[in-house]
file structure_35.txt (compact mmCIF, C-alpha atoms and all ligand atoms)
# COMPACT_ATOMS: atom_id res chain seq x y z
CA MET Q 1 81.09 109.22 70.25
CA LYS Q 2 81.91 105.67 69.22
CA TYR Q 3 79.78 103.99 71.90
CA THR Q 4 76.26 105.07 72.86
CA PHE Q 5 73.84 103.43 75.25
CA ASP Q 6 70.06 103.37 75.71
CA ILE Q 7 68.92 105.14 78.85
CA GLN Q 8 65.79 104.14 80.74
CA ARG Q 9 65.21 106.67 83.51
CA THR Q 10 63.66 105.80 86.84
CA THR Q 11 60.14 107.06 87.54
CA THR Q 12 60.76 106.83 91.31
CA PRO Q 13 63.98 108.76 92.09
CA LYS Q 14 65.28 108.35 95.64
CA ALA Q 15 65.93 111.20 98.06
CA LYS Q 16 69.63 112.18 98.08
CA PRO Q 17 71.44 111.31 101.35
CA ASP Q 18 72.53 113.97 103.88
CA PRO Q 19 76.12 114.86 102.78
CA ASN Q 20 77.12 115.37 106.43
CA THR Q 21 76.53 111.76 107.45
CA LEU Q 22 77.60 109.88 104.29
CA LYS Q 23 79.38 106.59 104.96
CA PHE Q 24 81.40 104.53 102.48
CA GLY Q 25 79.44 102.29 100.12
CA ARG Q 26 76.05 102.18 101.86
CA THR Q 27 73.83 104.27 99.55
CA PHE Q 28 73.46 103.76 95.83
CA SER Q 29 72.31 106.12 93.10
CA ASP Q 30 69.14 105.85 90.97
CA HIS Q 31 70.57 104.06 87.93
CA MET Q 32 73.09 101.43 86.89
CA PHE Q 33 74.89 100.43 83.72
CA ILE Q 34 74.55 96.87 82.46
CA MET Q 35 75.92 95.13 79.37
CA GLU Q 36 75.80 91.50 78.22
CA TYR Q 37 78.41 89.19 76.74
CA GLU Q 38 78.08 85.97 74.85
CA THR Q 39 80.99 84.20 73.21
CA SER Q 40 79.16 84.14 69.85
CA LYS Q 41 78.23 87.87 69.98
CA GLY Q 42 80.87 89.70 72.02
CA TRP Q 43 79.74 92.58 74.28
CA TYR Q 44 76.24 93.84 73.41
CA ASP Q 45 73.17 95.66 74.70
CA GLY Q 46 74.98 98.16 76.95
CA ARG Q 47 72.25 100.25 78.64
CA ILE Q 48 71.44 102.36 81.66
CA ILE Q 49 68.45 101.25 83.70
CA PRO Q 50 66.97 102.02 87.14
CA TYR Q 51 69.13 100.67 90.01
CA GLY Q 52 67.81 97.41 91.39
CA PRO Q 53 68.25 93.65 91.92
CA ILE Q 54 69.20 91.44 88.99
CA SER Q 55 68.13 87.86 88.37
CA LEU Q 56 70.72 85.11 87.88
CA ASP Q 57 70.50 81.34 87.50
CA PRO Q 58 71.63 79.66 90.78
CA ALA Q 59 74.10 77.63 88.70
CA ALA Q 60 75.79 80.84 87.42
CA SER Q 61 79.53 80.29 87.47
CA VAL Q 62 80.26 83.38 89.59
CA PHE Q 63 78.51 81.79 92.60
CA HIS Q 64 80.55 78.59 92.50
CA TYR Q 65 83.97 79.35 91.12
CA GLY Q 66 84.27 83.09 91.62
CA GLN Q 67 84.94 84.02 88.02
CA GLU Q 68 84.48 87.77 88.43
CA MET Q 69 86.37 91.04 88.73
CA PHE Q 70 85.81 94.59 89.91
CA GLU Q 71 87.24 98.08 89.65
CA GLY Q 72 87.08 101.15 91.90
CA MET Q 73 87.25 104.80 90.87
CA LYS Q 74 85.65 108.15 91.71
CA ALA Q 75 83.93 111.10 90.05
CA TYR Q 76 84.59 114.51 91.62
CA ARG Q 77 82.81 117.84 91.36
CA THR Q 78 85.11 120.81 90.75
CA PRO Q 79 84.66 124.21 92.45
CA ASP Q 80 83.23 125.61 89.16
CA GLY Q 81 80.69 122.76 88.90
CA ARG Q 82 82.36 120.51 86.32
CA VAL Q 83 82.47 116.74 86.84
CA GLN Q 84 85.72 114.84 86.36
CA LEU Q 85 87.27 111.38 86.58
CA PHE Q 86 90.84 110.60 87.66
CA ARG Q 87 92.89 108.60 85.12
CA PRO Q 88 89.98 106.33 84.04
CA TYR Q 89 92.02 104.75 81.22
CA MET Q 90 94.30 103.23 83.88
CA ASN Q 91 91.30 101.41 85.35
CA ALA Q 92 90.35 100.31 81.82
CA GLU Q 93 93.85 98.96 81.17
CA ARG Q 94 93.93 97.21 84.55
CA THR Q 95 90.58 95.62 83.69
CA ARG Q 96 92.12 94.14 80.55
CA LYS Q 97 94.96 92.59 82.57
CA THR Q 98 92.57 91.24 85.22
CA ASN Q 99 90.26 89.79 82.56
CA GLU Q 100 93.18 88.16 80.78
CA ARG Q 101 94.28 86.45 84.03
CA MET Q 102 90.71 85.36 84.83
CA CYS Q 103 89.96 84.06 81.30
CA MET Q 104 87.24 86.68 80.97
CA PRO Q 105 86.53 88.57 77.71
CA ASP Q 106 88.57 91.64 76.85
CA ILE Q 107 86.88 95.06 76.90
CA ASP Q 108 87.98 97.93 74.64
CA PRO Q 109 89.23 100.70 77.00
CA GLU Q 110 87.11 103.18 74.98
CA LEU Q 111 84.02 101.08 75.71
CA PHE Q 112 84.91 100.86 79.42
CA VAL Q 113 85.49 104.62 79.77
CA SER Q 114 82.41 105.48 77.63
CA ALA Q 115 80.24 103.34 79.94
CA VAL Q 116 81.70 105.01 83.06
CA LYS Q 117 81.14 108.47 81.58
CA ALA Q 118 77.58 107.57 80.53
CA ILE Q 119 76.46 106.43 84.00
CA VAL Q 120 78.23 109.33 85.74
CA ASP Q 121 76.57 111.76 83.33
CA VAL Q 122 73.11 110.36 84.20
CA GLU Q 123 73.97 110.47 87.94
CA ARG Q 124 75.51 113.98 87.95
CA ASP Q 125 73.15 115.15 90.70
CA TRP Q 126 74.34 112.26 92.90
CA ILE Q 127 77.84 113.69 93.19
CA PRO Q 128 77.78 115.40 96.58
CA LYS Q 129 79.19 118.92 96.85
CA LYS Q 130 80.60 118.95 100.37
CA GLU Q 131 84.41 118.98 100.94
CA GLY Q 132 85.81 115.45 101.02
CA THR Q 133 82.80 113.82 99.33
CA SER Q 134 82.68 112.18 95.89
CA LEU Q 135 80.81 109.59 93.84
CA TYR Q 136 82.45 106.17 94.16
CA ILE Q 137 82.12 104.14 90.95
CA ARG Q 138 82.15 100.34 91.01
CA PRO Q 139 82.45 98.63 87.61
CA PHE Q 140 82.36 94.81 87.84
CA ILE Q 141 81.99 91.73 85.66
CA ILE Q 142 80.41 88.43 86.66
CA ALA Q 143 80.32 85.06 84.88
CA SER Q 144 76.62 84.35 84.42
CA GLU Q 145 76.46 81.11 82.44
CA ALA Q 146 74.50 78.32 84.20
CA PHE Q 147 76.99 75.44 84.18
CA LEU Q 148 78.64 73.57 87.05
CA GLY Q 149 81.83 72.59 85.24
CA VAL Q 150 85.03 74.38 86.27
CA GLN Q 151 85.68 76.24 83.06
CA SER Q 152 85.53 79.75 81.72
CA SER Q 153 81.96 80.97 81.24
CA ASN Q 154 80.43 81.77 77.84
CA GLN Q 155 78.20 84.51 79.29
CA TYR Q 156 79.01 87.58 81.39
CA LYS Q 157 77.43 90.76 82.70
CA PHE Q 158 79.39 93.99 82.98
CA MET Q 159 77.75 96.37 85.41
CA ILE Q 160 78.54 99.76 86.95
CA ILE Q 161 76.95 101.01 90.15
CA CYS Q 162 77.59 104.33 91.90
CA SER Q 163 77.66 105.30 95.56
CA PRO Q 164 77.96 108.83 97.00
CA VAL Q 165 80.67 108.66 99.68
CA GLY Q 166 81.83 110.91 102.50
CA PRO Q 167 85.37 111.73 103.63
CA TYR Q 168 87.36 108.62 104.59
CA PHE Q 169 88.71 110.14 107.80
CA ASP Q 170 86.61 111.74 110.46
CA VAL Q 171 88.75 114.90 110.66
CA PRO Q 172 87.06 118.24 111.41
CA GLY Q 173 87.37 120.46 108.33
CA GLY Q 174 88.52 117.54 106.14
CA GLY Q 175 92.00 116.12 105.52
CA ILE Q 176 93.79 113.00 106.70
CA ALA Q 177 94.57 111.33 110.03
CA SER Q 178 97.09 108.65 111.00
CA THR Q 179 96.06 105.04 111.62
CA LYS Q 180 97.42 101.96 113.39
CA ILE Q 181 98.36 98.98 111.23
CA TYR Q 182 98.76 95.34 112.28
CA VAL Q 183 101.69 93.42 110.77
CA GLU Q 184 100.17 90.06 109.73
CA GLU Q 185 102.94 87.50 110.18
CA GLU Q 186 100.93 84.33 109.54
CA LEU Q 187 98.16 84.77 106.94
CA ILE Q 188 99.06 85.88 103.41
CA ARG Q 189 97.24 87.76 100.64
CA ALA Q 190 98.89 86.68 97.40
CA ALA Q 191 101.66 84.42 96.11
CA ARG Q 192 103.81 84.67 92.96
CA GLY Q 193 101.94 83.17 90.04
CA GLY Q 194 98.58 83.79 91.70
CA VAL Q 195 95.98 86.52 91.18
CA GLY Q 196 97.27 89.18 93.59
CA TYR Q 197 97.70 91.74 90.80
CA ALA Q 198 94.08 91.33 89.72
CA LYS Q 199 91.07 92.96 91.42
CA VAL Q 200 89.11 89.74 91.88
CA GLY Q 201 86.64 89.04 94.69
CA GLY Q 202 88.41 86.00 96.12
CA ASN Q 203 91.41 88.10 97.14
CA TYR Q 204 89.15 90.13 99.44
CA GLY Q 205 87.02 87.29 100.84
CA GLY Q 206 90.32 85.64 101.73
CA SER Q 207 91.56 88.75 103.51
CA LEU Q 208 88.73 89.09 106.04
CA LYS Q 209 90.34 86.80 108.64
CA ALA Q 210 93.49 88.94 108.74
CA GLN Q 211 91.31 92.04 108.96
CA GLU Q 212 89.69 90.47 112.05
CA ASN Q 213 93.15 89.93 113.54
CA ALA Q 214 93.98 93.58 112.89
CA ALA Q 215 90.77 94.75 114.57
CA ALA Q 216 91.47 92.49 117.58
CA HIS Q 217 94.79 94.35 117.97
CA GLY Q 218 93.06 97.73 117.79
CA CYS Q 219 94.26 98.35 114.22
CA SER Q 220 92.36 99.56 111.18
CA GLN Q 221 94.16 97.42 108.56
CA VAL Q 222 96.85 94.78 108.07
CA LEU Q 223 100.30 95.14 106.59
CA TRP Q 224 100.69 92.10 104.33
CA LEU Q 225 104.04 90.32 104.09
CA ASP Q 226 105.15 88.14 101.17
CA ALA Q 227 103.85 84.56 100.95
CA HIS Q 228 107.20 82.79 100.72
CA GLU Q 229 109.37 84.20 103.53
CA HIS Q 230 106.81 86.28 105.45
CA SER Q 231 109.50 88.88 105.48
CA TYR Q 232 108.99 91.48 102.69
CA VAL Q 233 106.37 94.22 102.99
CA GLU Q 234 103.68 94.13 100.29
CA GLU Q 235 100.43 96.07 100.78
CA ILE Q 236 98.35 97.70 103.52
CA GLY Q 237 94.79 96.32 103.47
CA ALA Q 238 93.47 97.07 99.96
CA ALA Q 239 95.97 99.87 99.39
CA ASN Q 240 99.61 100.12 98.29
CA ALA Q 241 102.30 100.77 100.90
CA PHE Q 242 105.13 103.35 100.91
CA PHE Q 243 108.01 103.65 103.40
CA MET Q 244 110.33 106.63 103.76
CA ILE Q 245 113.72 105.64 105.21
CA GLY Q 246 116.27 108.46 105.28
CA ASP Q 247 115.63 110.25 101.99
CA GLU Q 248 114.59 107.10 100.10
CA VAL Q 249 110.89 106.39 99.49
CA ILE Q 250 110.32 102.67 98.92
CA THR Q 251 107.35 100.70 97.59
CA ALA Q 252 107.11 97.01 96.68
CA PRO Q 253 107.88 96.16 93.02
CA LEU Q 254 105.11 94.83 90.75
CA GLN Q 255 105.99 91.13 90.55
CA GLY Q 256 102.50 89.64 90.48
CA THR Q 257 101.52 89.87 94.15
CA ILE Q 258 100.90 93.62 94.30
CA LEU Q 259 97.76 95.32 92.95
CA PRO Q 260 99.03 98.01 90.57
CA GLY Q 261 97.17 100.98 92.06
CA VAL Q 262 96.31 104.05 90.01
CA THR Q 263 97.13 106.08 93.13
CA ARG Q 264 100.43 104.19 93.55
CA ALA Q 265 101.46 105.07 89.98
CA SER Q 266 100.44 108.70 90.56
CA VAL Q 267 102.42 108.91 93.83
CA ILE Q 268 105.51 107.56 92.04
CA GLU Q 269 105.10 110.07 89.18
CA LEU Q 270 104.69 112.98 91.61
CA LEU Q 271 107.74 111.95 93.66
CA LYS Q 272 109.81 111.73 90.47
CA LYS Q 273 108.55 115.15 89.35
CA TRP Q 274 109.56 116.55 92.75
CA GLY Q 275 113.06 115.11 92.29
CA MET Q 276 112.74 112.68 95.18
CA ASN Q 277 114.51 109.37 95.59
CA ILE Q 278 111.81 106.74 94.88
CA SER Q 279 112.59 103.01 94.64
CA GLU Q 280 110.39 100.12 93.63
CA ARG Q 281 112.29 97.40 95.43
CA PRO Q 282 111.84 94.53 97.88
CA LEU Q 283 111.94 95.80 101.48
CA ARG Q 284 112.16 93.51 104.50
CA ILE Q 285 110.06 94.30 107.56
CA SER Q 286 113.30 93.80 109.55
CA GLU Q 287 114.83 96.73 107.60
CA VAL Q 288 111.83 98.86 108.61
CA VAL Q 289 112.26 97.88 112.28
CA LYS Q 290 116.01 98.58 112.17
CA ALA Q 291 115.43 101.96 110.49
CA SER Q 292 112.98 102.80 113.24
CA GLU Q 293 115.59 101.92 115.92
CA ASP Q 294 118.20 104.03 114.09
CA GLY Q 295 115.84 106.99 113.78
CA ALA Q 296 115.90 106.71 109.96
CA LEU Q 297 112.25 105.68 109.50
CA LYS Q 298 110.52 108.93 108.58
CA GLU Q 299 107.07 107.93 107.30
CA ILE Q 300 104.83 105.07 106.27
CA PHE Q 301 101.65 105.63 104.28
CA ALA Q 302 99.18 103.74 102.10
CA SER Q 303 97.70 104.87 98.77
CA GLY Q 304 94.37 104.03 97.14
CA THR Q 305 91.25 105.50 95.57
CA ALA Q 306 89.09 105.31 98.71
CA ALA Q 307 91.29 107.29 101.13
CA VAL Q 308 93.86 108.74 98.63
CA ILE Q 309 96.70 108.74 101.23
CA THR Q 310 96.52 107.02 104.64
CA PRO Q 311 99.40 107.91 106.99
CA VAL Q 312 100.49 105.14 109.36
CA GLY Q 313 101.24 106.34 112.91
CA GLU Q 314 102.00 102.98 114.45
CA LEU Q 315 102.84 99.41 113.42
CA LYS Q 316 101.73 96.65 115.78
CA PHE Q 317 103.33 93.22 115.83
CA SER Q 318 101.92 90.28 117.81
CA ASN Q 319 104.08 91.23 120.82
CA SER Q 320 105.65 94.62 120.13
CA ASN Q 321 104.93 97.90 118.43
CA LEU Q 322 106.70 100.67 116.61
CA VAL Q 323 105.72 104.34 116.46
CA VAL Q 324 106.40 106.04 113.11
CA GLY Q 325 107.85 109.55 113.53
CA ASP Q 326 105.70 111.34 116.10
CA GLY Q 327 102.76 109.02 115.36
CA GLY Q 328 100.88 111.69 113.43
CA VAL Q 329 100.58 112.77 109.78
CA GLY Q 330 104.03 113.04 108.13
CA PRO Q 331 104.90 116.00 105.87
CA LEU Q 332 105.34 113.86 102.73
CA ALA Q 333 101.98 112.10 103.22
CA GLN Q 334 100.34 115.52 103.69
CA LYS Q 335 102.05 116.98 100.60
CA LEU Q 336 101.03 114.00 98.44
CA TYR Q 337 97.46 114.11 99.72
CA ASP Q 338 97.17 117.84 99.01
CA ALA Q 339 98.57 117.42 95.48
CA LEU Q 340 96.49 114.36 94.53
CA TYR Q 341 93.25 115.49 96.14
CA GLY Q 342 93.74 118.99 94.71
CA ILE Q 343 94.08 117.64 91.15
CA GLN Q 344 91.26 115.10 91.55
CA THR Q 345 88.80 117.74 92.72
CA GLY Q 346 89.94 120.47 90.31
CA LYS Q 347 91.13 122.74 93.15
CA LEU Q 348 94.66 122.60 91.75
CA GLU Q 349 95.69 122.91 88.12
CA ASP Q 350 96.04 119.48 86.50
CA ASP Q 351 99.57 119.90 85.16
CA MET Q 352 99.93 116.09 84.85
CA ASN Q 353 96.95 115.77 82.47
CA TRP Q 354 95.33 113.18 84.71
CA THR Q 355 91.70 114.24 84.80
CA VAL Q 356 88.99 113.51 82.22
CA GLU Q 357 85.87 115.65 82.14
CA VAL Q 358 82.43 114.01 81.96
C1 LIG H 401 92.27 98.69 94.69
C2 LIG H 401 93.49 98.28 95.42
C3 LIG H 401 94.61 99.13 95.58
C4 LIG H 401 94.60 100.57 95.19
O1 LIG H 401 94.39 100.78 93.83
P1 LIG H 401 93.92 102.23 93.34
O2 LIG H 401 93.81 102.07 91.87
O3 LIG H 401 94.96 103.20 93.75
O4 LIG H 401 92.61 102.50 94.02
C5 LIG H 401 95.74 98.62 96.18
N1 LIG H 401 95.78 97.36 96.66
C6 LIG H 401 94.73 96.53 96.57
C7 LIG H 401 94.84 95.15 97.12
C8 LIG H 401 93.54 96.97 95.95
O5 LIG H 401 92.50 96.14 95.88

call {"tool": "encode", "arguments": {"input": "structure_35.txt", "output": "structure tokens", "more": "lines below"}}
Ligand SMILES: *Cc1c(COP(=O)(O)O)cnc(C)c1O
result
Amino acid sequence: MKYTFDIQRTTTPKAKPDPNTLKFGRTFSDHMFIMEYETSKGWYDGRIIPYGPISLDPAASVFHYGQEMFEGMKAYRTPDGRVQLFRPYMNAERTRKTNERMCMPDIDPELFVSAVKAIVDVERDWIPKKEGTSLYIRPFIIASEAFLGVQSSNQYKFMIICSPVGPYFDVPGGGIASTKIYVEEELIRAARGGVGYAKVGGNYGGSLKAQENAAAHGCSQVLWLDAHEHSYVEEIGAANAFFMIGDEVITAPLQGTILPGVTRASVIELLKKWGMNISERPLRISEVVKASEDGALKEIFASGTAAVITPVGELKFSNSNLVVGDGGVGPLAQKLYDALYGIQTGKLEDDMNWTVEV
């Protein structure tokens, strides 16, 4: 292997959580990956150490100007006990694009994937076995130089932490359930020329207010509209959005405001393989409403690593609402979930060559 890392094992391992009551992102494994960067040296000293707090100078750039990024991926345990990742090189390539936009140092995709594999290998026993569970992996980079000028930092830390997670939906026996989504007509997530296509913290801090609006309307997430006309559909919460109208499946094109999801790309590839009519094109919310009135709106669903596929049963506007199909889980959402989740967990043959064994 091209990249190897020192491993310092914990002497006080934690008890593993009860797989039946696992929540998302609340428990963390015993170790973490950490690597340093300095402009004069490049990336160096990648190592695995016991999980715990880190010390940073209060003037570190990340605290003041938000120069940072993160990724999200999962490790799955297969029925025969192997451990696999889902398309990790896509996360590595997305990291390069995010870093380029944020004036942060490039990382060789081989280094990124080697680090992910190394920490997952050490934390093998932290991958829960129960149906619907997995190990969520959170790589992130923070600007750590102590300097209060608004400029790109000369020092960074690249870290990876891991969290055993339960099924996203509380469905007996596993699977997916439909959700209600609030159409946010005032607040926006990302504008052309901005950082919407990059997984950077500020995009999410800035989204909390809309999330509060959604919750106040009894919804789990927001449907974001474009920043300029507040008219085109963009994303659902921190997931990509798909609409099936007649026999056409539509998702927003990648023009800088949409996060290019690994799940989104995989959904598109599967739909093409199945010979379906998939378009990456601008879609007005008014077209969705009209299709609903005409009986042509078949399904809406979101795609992302956390929930894989989230079917939308209802769209709520500030003073109206729209039920999608019969309000339950649509057949296409179910078929996509079964295919993706089956490949991710090794229950189905990986005929797309998407998984990477650890
Ligand atoms: C992470 C994320 C997604 C989904 O990306 P995946 O790679 O499929 O997990 C979509 N939209 C936003 C805003 C995101 O942050």

call {"tool": "residues_near_ligand", "arguments": {"input": "structure_35.txt", "ligand": "ligand LIG 401 (chain H)", "cutoff": "10 Å", "atoms": "only C-alpha atoms and all ligand atoms", "output": "PyMOL selection string"}}
result
chain Q and resi 70-74+86-88+90-91+94+189-190+196-201+203-204+207+224+234-241+257-267+302-309

call {"tool": "atom_distance", "arguments": {"input": "structure_35.txt", "atom1": "atom CA of Q:Leu56", "atom2": "atom CA of Q:Asn154"}}
result
14.4 Å

call {"tool": "residues_around", "arguments": {"input": "structure_35.txt", "residues": "Q:Ala146", "least_positions_apart": "5", "cutoff": "10 Å", "atoms": "all atoms listed in the file", "output": "list in words"}}
result
Leu56, Asp57, Pro58, Ala59, Ala60, Ser61, Val62, Phe63, Ser153, Asn154 and Gln155 of chain Q

call {"tool": "atom_distance", "arguments": {"input": "structure_35.txt", "atom1": "atom CA of Q:Gln255", "atom2": "atom CA of Q:Ala143"}}
result
27.0 Å

call {"tool": "atom_distance", "arguments": {"input": "structure_35.txt", "atom1": "atom CA of Q:Val358", "atom2": "atom CA of Q:Ile127"}}
result
12.1 Å

call {"tool": "closest_residue", "arguments": {"input": "structure_35.txt", "among": "Q:Asp351, Q:Glu185, Q:Val249, Q:Ala296", "to": "Q:Met276", "atoms": "all atoms listed in the file"}}
result
Q:Val249

call {"tool": "closest_residue", "arguments": {"input": "structure_35.txt", "among": "Q:Ala177, Q:Val116, Q:Val324, Q:Ile160", "to": "Q:Val289", "atoms": "only C-alpha atoms"}}
result
Q:Val324

call {"tool": "closest_residue", "arguments": {"input": "structure_35.txt", "among": "Q:Leu254, Q:Leu315, Q:Ile188, Q:Val83", "to": "Q:Leu297", "atoms": "all atoms listed in the file"}}
result
Q:Leu315

call {"tool": "residues_near_point", "arguments": {"input": "structure_35.txt", "point": "(90.6, 86.5, 81.2)", "cutoff": "12 Å", "atoms": "only C-alpha atoms", "output": "JSON, numbers by chain"}}
result
{"Q": [67, 68, 69, 94, 95, 96, 97, 98, 99, 100, 101, 102, 103, 104, 105, 106, 107, 141, 142, 143, 151, 152, 153, 154, 156, 195, 198, 200]}

call {"tool": "residues_around", "arguments": {"input": "structure_35.txt", "residues": "Q:Ser178", "least_positions_apart": "6", "cutoff": "7 Å", "atoms": "only C-alpha atoms", "output": "list in words"}}
result
Thr310, Pro311, Val312, Gly313, Gly328 and Val329 of chain Q

call {"tool": "closest_residue", "arguments": {"input": "structure_35.txt", "among": "Q:Gly206, Q:Gly52, Q:Pro282, Q:Gly149", "to": "Q:Pro13", "atoms": "all atoms listed in the file"}}
result
Q:Gly52

call {"tool": "closest_residue", "arguments": {"input": "structure_35.txt", "among": "Q:Tyr182, Q:Leu283, Q:Asp226, Q:Arg192", "to": "Q:Glu314", "atoms": "all atoms listed in the file"}}
result
Q:Tyr182

call {"tool": "residues_around", "arguments": {"input": "structure_35.txt", "residues": "Q:Asp108", "least_positions_apart": "3", "cutoff": "9 Å", "atoms": "all atoms listed in the file", "output": "NGL selection string"}}
result
:Q and (92-93 or 96 or 111-113)

call {"tool": "closest_residue", "arguments": {"input": "structure_35.txt", "among": "Q:Lys2, Q:Lys41, Q:Arg281, Q:His230", "to": "Q:Pro109", "atoms": "all atoms listed in the file"}}
result
Q:Lys2

call {"tool": "residues_near_point", "arguments": {"input": "structure_35.txt", "point": "(69.2, 105.3, 82.0)", "cutoff": "12 Å", "atoms": "all atoms listed in the file", "output": "list in words"}}
result
Thr4, Phe5, Asp6, Ile7, Gln8, Arg9, Thr10, Thr11, Pro13, Ser29, Asp30, His31, Met32, Phe33, Ile34, Gly46, Arg47, Ile48, Ile49, Pro50, Tyr51, Ala115, Ala118, Ile119, Val120, Asp121, Val122, Glu123 and Ile160 of chain Q

call {"tool": "axis_aligned_box", "arguments": {"input": "structure_35.txt", "around": "stretch 336-352 of chain Q", "padding_each_side": "6 Å", "output": "JSON"}}
result
{"center_x": 94.9, "center_y": 118.5, "center_z": 92.3, "size_x": 24.2, "size_y": 20.9, "size_z": 26.9}

call {"tool": "residues_around", "arguments": {"input": "structure_35.txt", "residues": "Q:Phe24", "least_positions_apart": "2", "cutoff": "10 Å", "atoms": "only C-alpha atoms", "output": "list in words"}}
result
Leu22, Arg26, Thr27, Thr133, Tyr136, Ser163, Pro164, Val165, Gly166, Pro167, Tyr168 and Ala306 of chain Q

call {"tool": "residues_around", "arguments": {"input": "structure_35.txt", "residues": "Q:Ala210", "least_positions_apart": "3", "cutoff": "8 Å", "atoms": "all atoms listed in the file", "output": "short mmCIF file (atom, residue, chain, number, x, y, z; two decimals) with C-alpha atoms, in the frame of the given file"}}
result
data_model
loop_
_atom_site.label_atom_id
_atom_site.label_comp_id
_atom_site.auth_asym_id
_atom_site.auth_seq_id
_atom_site.Cartn_x
_atom_site.Cartn_y
_atom_site.Cartn_z
CA GLU Q 184 100.17 90.06 109.73
CA LEU Q 187 98.16 84.77 106.94
CA SER Q 207 91.56 88.75 103.51
CA ASN Q 213 93.15 89.93 113.54
CA ALA Q 214 93.98 93.58 112.89
CA VAL Q 222 96.85 94.78 108.07
#
